[in-house]
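S.K.: Sharing a structure with you now.
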Amino acid sequence: MTSRLVLVRHGESEGNVAATRAERSGAETVGVPWRDADTPLSGTGEEQARALGAHLATLPPDEAPEVLWVSPYVRARRTAELALEKAGLPLRTVVDERLRDRELGILDGLTSHGVDARFPDEAARRDRLGKMYFRPPGGESWADVALRLRSAVADIERREAGRRVLVVCHDAVIWLLRYVCEGLTEDELMAQVAEHSVRNASVTVLVGGPDGWRAEVVDDVAHLGGAEVTEHPGQGDE
């Protein structure tokens, strides 16, 4: 079994900033020019990524990551690039589309206000089914994301046996990696999700053992130092 999974949410993105601003103003759309996969980091996100790298550089040899698995989305790849450059860690890298963010289908680019106004039937269905099982047309439910992550985790465990793996991805993906690895129930997962989101460039560490995985560190941002700490729920997860 892989000995250690270091899960990192990407640094703050321009999409995070725009989505939060749009939600607070009551706008119906997020209003960014990029497709989700191409959304870049904000200046704060780049600063967070470098702070993460400075933290990785201080880890003792028995805790430092040995390989990187990363979402193909620009904001995740750029976070990893800046962090590893700052840390001086030339890690072997696997870019895996199963680590991508949740796809929202026809709701992509809409705020919660926009969903309520433009797709009231979908809003009602979302409220009835809940976060885990609501699948927007053309998109994914959290359960769909968990399904693809089960195969990703199996491949990581098989290909990286005994290694410490850095995984740079997205907030819902981190929650669902915990759900898959720790064997959480839906109620246990959603109780934690209701308490807080996964902050940008935060670190969550899962440690593997004979009885499976356990969380050693959750959503830690102490390493950000002077960089701003930002908390943006993923689009569609307000």
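Identifiers in this document derive from the order of the structure tokens: chains are assigned A, B, ..., residues are numbered from 1 separately in each chain, and ligands are numbered from 1 in order of occurrence.
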Would you list, as a ChimeraX atom specification, the residues of stretch 23-192 of chain A that end up in strand (DSSP E or B) under DSSP run on this structure's backbone?

M.R.: /A:29,41,67-70,92-95,104,110,139,164-169

S.K.: Those same residues - N, CA and C atoms - I'd like them written as a CSV table (one decimal), in the first residue's frame.

M.R.:
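Below is the file selection-v9.csv, written as the result:
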```
chain,number,residue,atom,x,y,z
A,29,THR,N,-24.5,34.6,-13.1
A,29,THR,CA,-23.4,33.9,-13.8
A,29,THR,C,-22.1,34.3,-13.1
A,41,LEU,N,-4.5,30.5,-11.8
A,41,LEU,CA,-4.4,31.0,-10.5
A,41,LEU,C,-4.5,32.5,-10.4
A,67,VAL,N,6.6,11.3,-5.3
A,67,VAL,CA,6.0,11.3,-6.6
A,67,VAL,C,4.7,12.2,-6.6
A,68,LEU,N,4.4,12.9,-7.7
A,68,LEU,CA,3.3,13.8,-7.8
A,68,LEU,C,2.2,13.2,-8.7
A,69,TRP,N,1.0,13.1,-8.2
A,69,TRP,CA,-0.2,12.9,-9.1
A,69,TRP,C,-1.0,14.2,-9.1
A,70,VAL,N,-1.5,14.6,-10.2
A,70,VAL,CA,-2.1,15.9,-10.3
A,70,VAL,C,-3.2,16.0,-11.3
A,92,ARG,N,8.8,12.9,-10.2
A,92,ARG,CA,8.1,12.2,-11.3
A,92,ARG,C,6.6,12.6,-11.2
A,93,THR,N,6.0,12.9,-12.3
A,93,THR,CA,4.7,13.5,-12.3
A,93,THR,C,3.7,12.6,-13.2
A,94,VAL,N,2.5,12.4,-12.6
A,94,VAL,CA,1.5,11.7,-13.3
A,94,VAL,C,0.3,12.6,-13.4
A,95,VAL,N,-0.1,13.0,-14.6
A,95,VAL,CA,-1.3,13.9,-14.7
A,95,VAL,C,-2.5,12.9,-15.0
A,104,LEU,N,-20.2,20.1,-14.0
A,104,LEU,CA,-21.5,20.6,-13.6
A,104,LEU,C,-22.5,20.6,-14.7
A,110,LEU,N,-22.8,29.0,-13.6
A,110,LEU,CA,-23.9,29.7,-12.9
A,110,LEU,C,-23.7,29.7,-11.4
A,139,GLY,N,-23.6,16.6,-16.3
A,139,GLY,CA,-22.6,16.7,-15.3
A,139,GLY,C,-22.5,15.5,-14.4
A,164,ARG,N,5.4,7.9,-0.8
A,164,ARG,CA,4.7,9.0,-0.4
A,164,ARG,C,4.2,9.8,-1.6
A,165,VAL,N,2.9,10.0,-1.7
A,165,VAL,CA,2.4,10.6,-3.0
A,165,VAL,C,1.8,11.9,-2.7
A,166,LEU,N,2.2,13.0,-3.4
A,166,LEU,CA,1.6,14.3,-3.4
A,166,LEU,C,0.5,14.3,-4.4
A,167,VAL,N,-0.7,14.7,-4.0
A,167,VAL,CA,-1.9,14.7,-4.9
A,167,VAL,C,-2.4,16.2,-4.9
A,168,VAL,N,-2.3,16.9,-6.0
A,168,VAL,CA,-2.8,18.2,-6.1
A,168,VAL,C,-4.0,18.2,-7.0
A,169,CYS,N,-5.1,18.7,-6.4
A,169,CYS,CA,-6.4,18.5,-7.0
A,169,CYS,C,-7.4,19.6,-6.6
```

S.K.: When DSSP works through the backbone of this structure, what residues of stretch 15-229 of chain A end up as alpha helix (DSSP H), shown as a count of residues only?

M.R.: 98

S.K.: Write out as a list in words each polymer residue whose atoms come within 9 Å of A:Thr111, counting only C-alpha atoms; drop sequence neighbours fewer than 4 positions from it.

M.R.: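 The neighbour list is Ala19, Thr20, Ala22, Glu23, Gly26, Ala27, Glu28, Thr29, Val30, Leu107, Val115, Asp116, Gln235, Gly236 and Glu238 of chain A.
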
S.K.: Write the residues of the selection above to a file with N, CA and C atoms, as a PDB file, in the first residue's frame.

M.R.:
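Result file is again.pdb:
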```pdb
ATOM      1  N   ALA A  19     -16.317  33.653  -8.720  1.00  0.00           N
ATOM      2  CA  ALA A  19     -17.513  32.957  -8.236  1.00  0.00           C
ATOM      3  C   ALA A  19     -17.969  33.508  -6.893  1.00  0.00           C
ATOM      4  N   THR A  20     -17.027  33.756  -6.001  1.00  0.00           N
ATOM      5  CA  THR A  20     -17.374  34.304  -4.693  1.00  0.00           C
ATOM      6  C   THR A  20     -17.956  35.710  -4.833  1.00  0.00           C
ATOM      7  N   ALA A  22     -19.494  36.916  -7.461  1.00  0.00           N
ATOM      8  CA  ALA A  22     -20.803  36.820  -8.106  1.00  0.00           C
ATOM      9  C   ALA A  22     -21.875  36.340  -7.130  1.00  0.00           C
ATOM     10  N   GLU A  23     -21.526  35.370  -6.285  1.00  0.00           N
ATOM     11  CA  GLU A  23     -22.488  34.882  -5.289  1.00  0.00           C
ATOM     12  C   GLU A  23     -22.887  36.009  -4.341  1.00  0.00           C
ATOM     13  N   GLY A  26     -25.247  38.578  -5.901  1.00  0.00           N
ATOM     14  CA  GLY A  26     -26.535  38.111  -6.393  1.00  0.00           C
ATOM     15  C   GLY A  26     -26.588  37.896  -7.885  1.00  0.00           C
ATOM     16  N   ALA A  27     -25.428  37.924  -8.562  1.00  0.00           N
ATOM     17  CA  ALA A  27     -25.387  37.712 -10.011  1.00  0.00           C
ATOM     18  C   ALA A  27     -25.768  36.278 -10.354  1.00  0.00           C
ATOM     19  N   GLU A  28     -26.257  36.075 -11.565  1.00  0.00           N
ATOM     20  CA  GLU A  28     -26.651  34.734 -11.986  1.00  0.00           C
ATOM     21  C   GLU A  28     -25.506  33.937 -12.600  1.00  0.00           C
ATOM     22  N   THR A  29     -24.490  34.605 -13.130  1.00  0.00           N
ATOM     23  CA  THR A  29     -23.370  33.916 -13.752  1.00  0.00           C
ATOM     24  C   THR A  29     -22.054  34.328 -13.096  1.00  0.00           C
ATOM     25  N   VAL A  30     -21.086  33.423 -13.169  1.00  0.00           N
ATOM     26  CA  VAL A  30     -19.762  33.700 -12.601  1.00  0.00           C
ATOM     27  C   VAL A  30     -19.028  34.717 -13.460  1.00  0.00           C
ATOM     28  N   LEU A 107     -25.223  23.423 -15.600  1.00  0.00           N
ATOM     29  CA  LEU A 107     -25.141  24.426 -14.537  1.00  0.00           C
ATOM     30  C   LEU A 107     -23.772  25.106 -14.484  1.00  0.00           C
ATOM     31  N   VAL A 115     -28.845  29.255 -10.920  1.00  0.00           N
ATOM     32  CA  VAL A 115     -29.516  27.951 -10.977  1.00  0.00           C
ATOM     33  C   VAL A 115     -30.977  28.094 -10.571  1.00  0.00           C
ATOM     34  N   ASP A 116     -31.217  28.815  -9.478  1.00  0.00           N
ATOM     35  CA  ASP A 116     -32.597  29.000  -9.003  1.00  0.00           C
ATOM     36  C   ASP A 116     -33.455  29.712 -10.049  1.00  0.00           C
ATOM     37  N   GLN A 235     -17.448  25.865  -7.221  1.00  0.00           N
ATOM     38  CA  GLN A 235     -18.654  26.300  -7.922  1.00  0.00           C
ATOM     39  C   GLN A 235     -19.706  25.200  -7.859  1.00  0.00           C
ATOM     40  N   GLY A 236     -20.921  25.593  -7.503  1.00  0.00           N
ATOM     41  CA  GLY A 236     -21.989  24.606  -7.390  1.00  0.00           C
ATOM     42  C   GLY A 236     -22.071  23.955  -6.037  1.00  0.00           C
ATOM     43  N   GLU A 238     -21.977  25.754  -3.017  1.00  0.00           N
ATOM     44  CA  GLU A 238     -22.271  26.745  -1.970  1.00  0.00           C
ATOM     45  C   GLU A 238     -23.324  26.180  -1.024  1.00  0.00           C
TER      46      GLU A 238
END
```

S.K.: Record the distance separating atom CA of A:Tyr179 and atom CA of A:Leu84, expressed in Å with one decimal.

M.R.: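 A separation of 27.1 Å between them.
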
S.K.: Smallest atom-to-atom distance to A:Arg148: which of A:Arg102, A:Met190, A:Gly109, A:Leu89, using only C-alpha atoms?

M.R.: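 Ranked by minimum distance to A:Arg148, first place goes to A:Arg102.
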
S.K.: Need the shell around A:Ser202: protein/DNA/RNA residues with any atom at most 9 Å away, counting only C-alpha atoms. Skip same-chain ones fewer than 2 positions apart. Format as a PyMOL selection string?

M.R.: chain A and resi 7-11+52+198-200+204+218-224+229

S.K.: So that I have them on file, write out the residues from the current selection with all heavy atoms, as a tab-separated table (two decimals), in the first residue's frame.

M.R.:
```tsv
chain	number	residue	atom	x	y	z
A	7	LEU	N	-2.64	15.37	0.29
A	7	LEU	CA	-3.66	15.94	-0.57
A	7	LEU	C	-3.64	17.46	-0.46
A	7	LEU	O	-3.75	18.00	0.64
A	7	LEU	CB	-5.05	15.42	-0.19
A	7	LEU	CG	-5.20	13.90	-0.02
A	7	LEU	CD1	-6.63	13.56	0.40
A	7	LEU	CD2	-4.81	13.17	-1.29
A	8	VAL	N	-3.51	18.14	-1.58
A	8	VAL	CA	-3.43	19.60	-1.59
A	8	VAL	C	-4.47	20.15	-2.56
A	8	VAL	O	-4.56	19.73	-3.71
A	8	VAL	CB	-2.03	20.07	-2.04
A	8	VAL	CG1	-2.00	21.59	-2.22
A	8	VAL	CG2	-0.97	19.64	-1.03
A	9	ARG	N	-5.28	21.08	-2.07
A	9	ARG	CA	-6.16	21.82	-2.98
A	9	ARG	C	-5.33	22.89	-3.68
A	9	ARG	O	-4.43	23.49	-3.08
A	9	ARG	CB	-7.32	22.48	-2.22
A	9	ARG	CG	-8.30	23.16	-3.18
A	9	ARG	CD	-9.37	23.96	-2.47
A	9	ARG	NE	-10.27	24.57	-3.47
A	9	ARG	CZ	-11.20	25.48	-3.19
A	9	ARG	NH1	-11.36	25.89	-1.93
A	9	ARG	NH2	-11.95	25.98	-4.14
A	10	HIS	N	-5.62	23.11	-4.95
A	10	HIS	CA	-4.93	24.16	-5.71
A	10	HIS	C	-5.04	25.51	-5.00
A	10	HIS	O	-5.94	25.75	-4.20
A	10	HIS	CB	-5.53	24.27	-7.11
A	10	HIS	CG	-6.98	24.62	-7.12
A	10	HIS	ND1	-7.45	25.91	-6.94
A	10	HIS	CD2	-8.08	23.85	-7.25
A	10	HIS	CE1	-8.76	25.93	-6.98
A	10	HIS	NE2	-9.19	24.69	-7.16
A	11	GLY	N	-4.11	26.40	-5.32
A	11	GLY	CA	-4.18	27.76	-4.80
A	11	GLY	C	-5.39	28.49	-5.33
A	11	GLY	O	-6.07	28.03	-6.26
A	52	LEU	N	3.45	26.87	-0.10
A	52	LEU	CA	3.38	25.42	0.00
A	52	LEU	C	4.73	24.79	-0.32
A	52	LEU	O	5.20	23.88	0.38
A	52	LEU	CB	2.31	24.88	-0.95
A	52	LEU	CG	2.26	23.36	-1.14
A	52	LEU	CD1	1.84	22.66	0.14
A	52	LEU	CD2	1.33	23.01	-2.30
A	198	VAL	N	-12.69	23.03	2.00
A	198	VAL	CA	-11.25	22.80	1.94
A	198	VAL	C	-10.60	24.08	1.44
A	198	VAL	O	-10.91	24.55	0.34
A	198	VAL	CB	-10.92	21.63	0.99
A	198	VAL	CG1	-9.41	21.42	0.93
A	198	VAL	CG2	-11.61	20.35	1.45
A	199	ARG	N	-9.73	24.66	2.25
A	199	ARG	CA	-9.16	25.95	1.89
A	199	ARG	C	-8.08	25.81	0.81
A	199	ARG	O	-7.46	24.77	0.66
A	199	ARG	CB	-8.60	26.63	3.14
A	199	ARG	CG	-9.70	27.09	4.09
A	199	ARG	CD	-9.19	27.58	5.42
A	199	ARG	NE	-8.67	26.49	6.24
A	199	ARG	CZ	-8.23	26.65	7.49
A	199	ARG	NH1	-8.25	27.87	8.05
A	199	ARG	NH2	-7.79	25.62	8.18
A	200	ASN	N	-7.87	26.90	0.08
A	200	ASN	CA	-6.89	26.89	-1.00
A	200	ASN	C	-5.48	26.61	-0.48
A	200	ASN	O	-5.05	27.19	0.53
A	200	ASN	CB	-6.88	28.22	-1.74
A	200	ASN	CG	-8.17	28.49	-2.48
A	200	ASN	OD1	-8.94	29.36	-2.09
A	200	ASN	ND2	-8.41	27.75	-3.55
A	204	THR	N	-3.94	18.10	3.50
A	204	THR	CA	-4.59	17.01	4.23
A	204	THR	C	-3.74	15.76	4.02
A	204	THR	O	-3.39	15.44	2.88
A	204	THR	CB	-6.02	16.77	3.69
A	204	THR	OG1	-6.82	17.92	3.98
A	204	THR	CG2	-6.66	15.54	4.32
A	218	VAL	N	-5.77	17.49	8.56
A	218	VAL	CA	-6.93	17.85	7.74
A	218	VAL	C	-6.95	19.37	7.52
A	218	VAL	O	-6.91	20.15	8.48
A	218	VAL	CB	-8.25	17.41	8.41
A	218	VAL	CG1	-9.46	17.94	7.63
A	218	VAL	CG2	-8.32	15.90	8.52
A	219	ASP	N	-6.95	19.77	6.26
A	219	ASP	CA	-7.15	21.18	5.88
A	219	ASP	C	-6.20	22.12	6.63
A	219	ASP	O	-6.61	23.17	7.12
A	219	ASP	CB	-8.62	21.57	6.13
A	219	ASP	CG	-8.96	22.94	5.57
A	219	ASP	OD1	-8.51	23.28	4.47
A	219	ASP	OD2	-9.69	23.69	6.27
A	220	ASP	N	-4.94	21.76	6.69
A	220	ASP	CA	-3.97	22.57	7.43
A	220	ASP	C	-3.43	23.69	6.54
A	220	ASP	O	-3.03	23.44	5.39
A	220	ASP	CB	-2.82	21.68	7.90
A	220	ASP	CG	-1.79	22.46	8.71
A	220	ASP	OD1	-2.20	23.35	9.48
A	220	ASP	OD2	-0.58	22.19	8.56
A	221	VAL	N	-3.42	24.92	7.06
A	221	VAL	CA	-2.90	26.06	6.30
A	221	VAL	C	-1.80	26.80	7.07
A	221	VAL	O	-1.41	27.90	6.69
A	221	VAL	CB	-4.03	27.05	5.93
A	221	VAL	CG1	-4.99	26.42	4.93
A	221	VAL	CG2	-4.78	27.53	7.17
A	222	ALA	N	-1.29	26.19	8.13
A	222	ALA	CA	-0.26	26.86	8.94
A	222	ALA	C	0.97	27.20	8.10
A	222	ALA	O	1.66	28.19	8.36
A	222	ALA	CB	0.13	25.97	10.12
A	223	HIS	N	1.23	26.38	7.08
A	223	HIS	CA	2.42	26.58	6.25
A	223	HIS	C	2.33	27.81	5.35
A	223	HIS	O	3.33	28.23	4.77
A	223	HIS	CB	2.63	25.35	5.35
A	223	HIS	CG	1.46	25.04	4.50
A	223	HIS	ND1	0.37	24.34	4.97
A	223	HIS	CD2	1.17	25.35	3.21
A	223	HIS	CE1	-0.53	24.21	4.00
A	223	HIS	NE2	-0.07	24.83	2.94
A	224	LEU	N	1.14	28.40	5.21
A	224	LEU	CA	0.99	29.54	4.30
A	224	LEU	C	1.68	30.79	4.83
A	224	LEU	O	1.97	31.71	4.05
A	224	LEU	CB	-0.50	29.82	4.03
A	224	LEU	CG	-1.22	28.74	3.22
A	224	LEU	CD1	-2.66	29.15	2.95
A	224	LEU	CD2	-0.50	28.43	1.92
A	229	VAL	N	-4.85	33.48	3.57
A	229	VAL	CA	-5.64	32.25	3.64
A	229	VAL	C	-7.00	32.52	3.01
A	229	VAL	O	-7.69	33.47	3.39
A	229	VAL	CB	-5.81	31.77	5.09
A	229	VAL	CG1	-6.74	30.55	5.15
A	229	VAL	CG2	-4.46	31.44	5.71
```

S.K.: Between atom CA of A:His170 and atom CA of A:Arg4, what is the distance in Å, rounded to a tenth?

M.R.: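 Those two atoms sit 18.3 Å apart.
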
S.K.: Within 9 Å of stretch 183-189 of chain A, counting only C-alpha atoms, which residues qualify if same-chain residues fewer than 6 places away don't, as a list in words?

M.R.: Met132, Trp175, Leu176, Gly212 and Trp213 of chain A
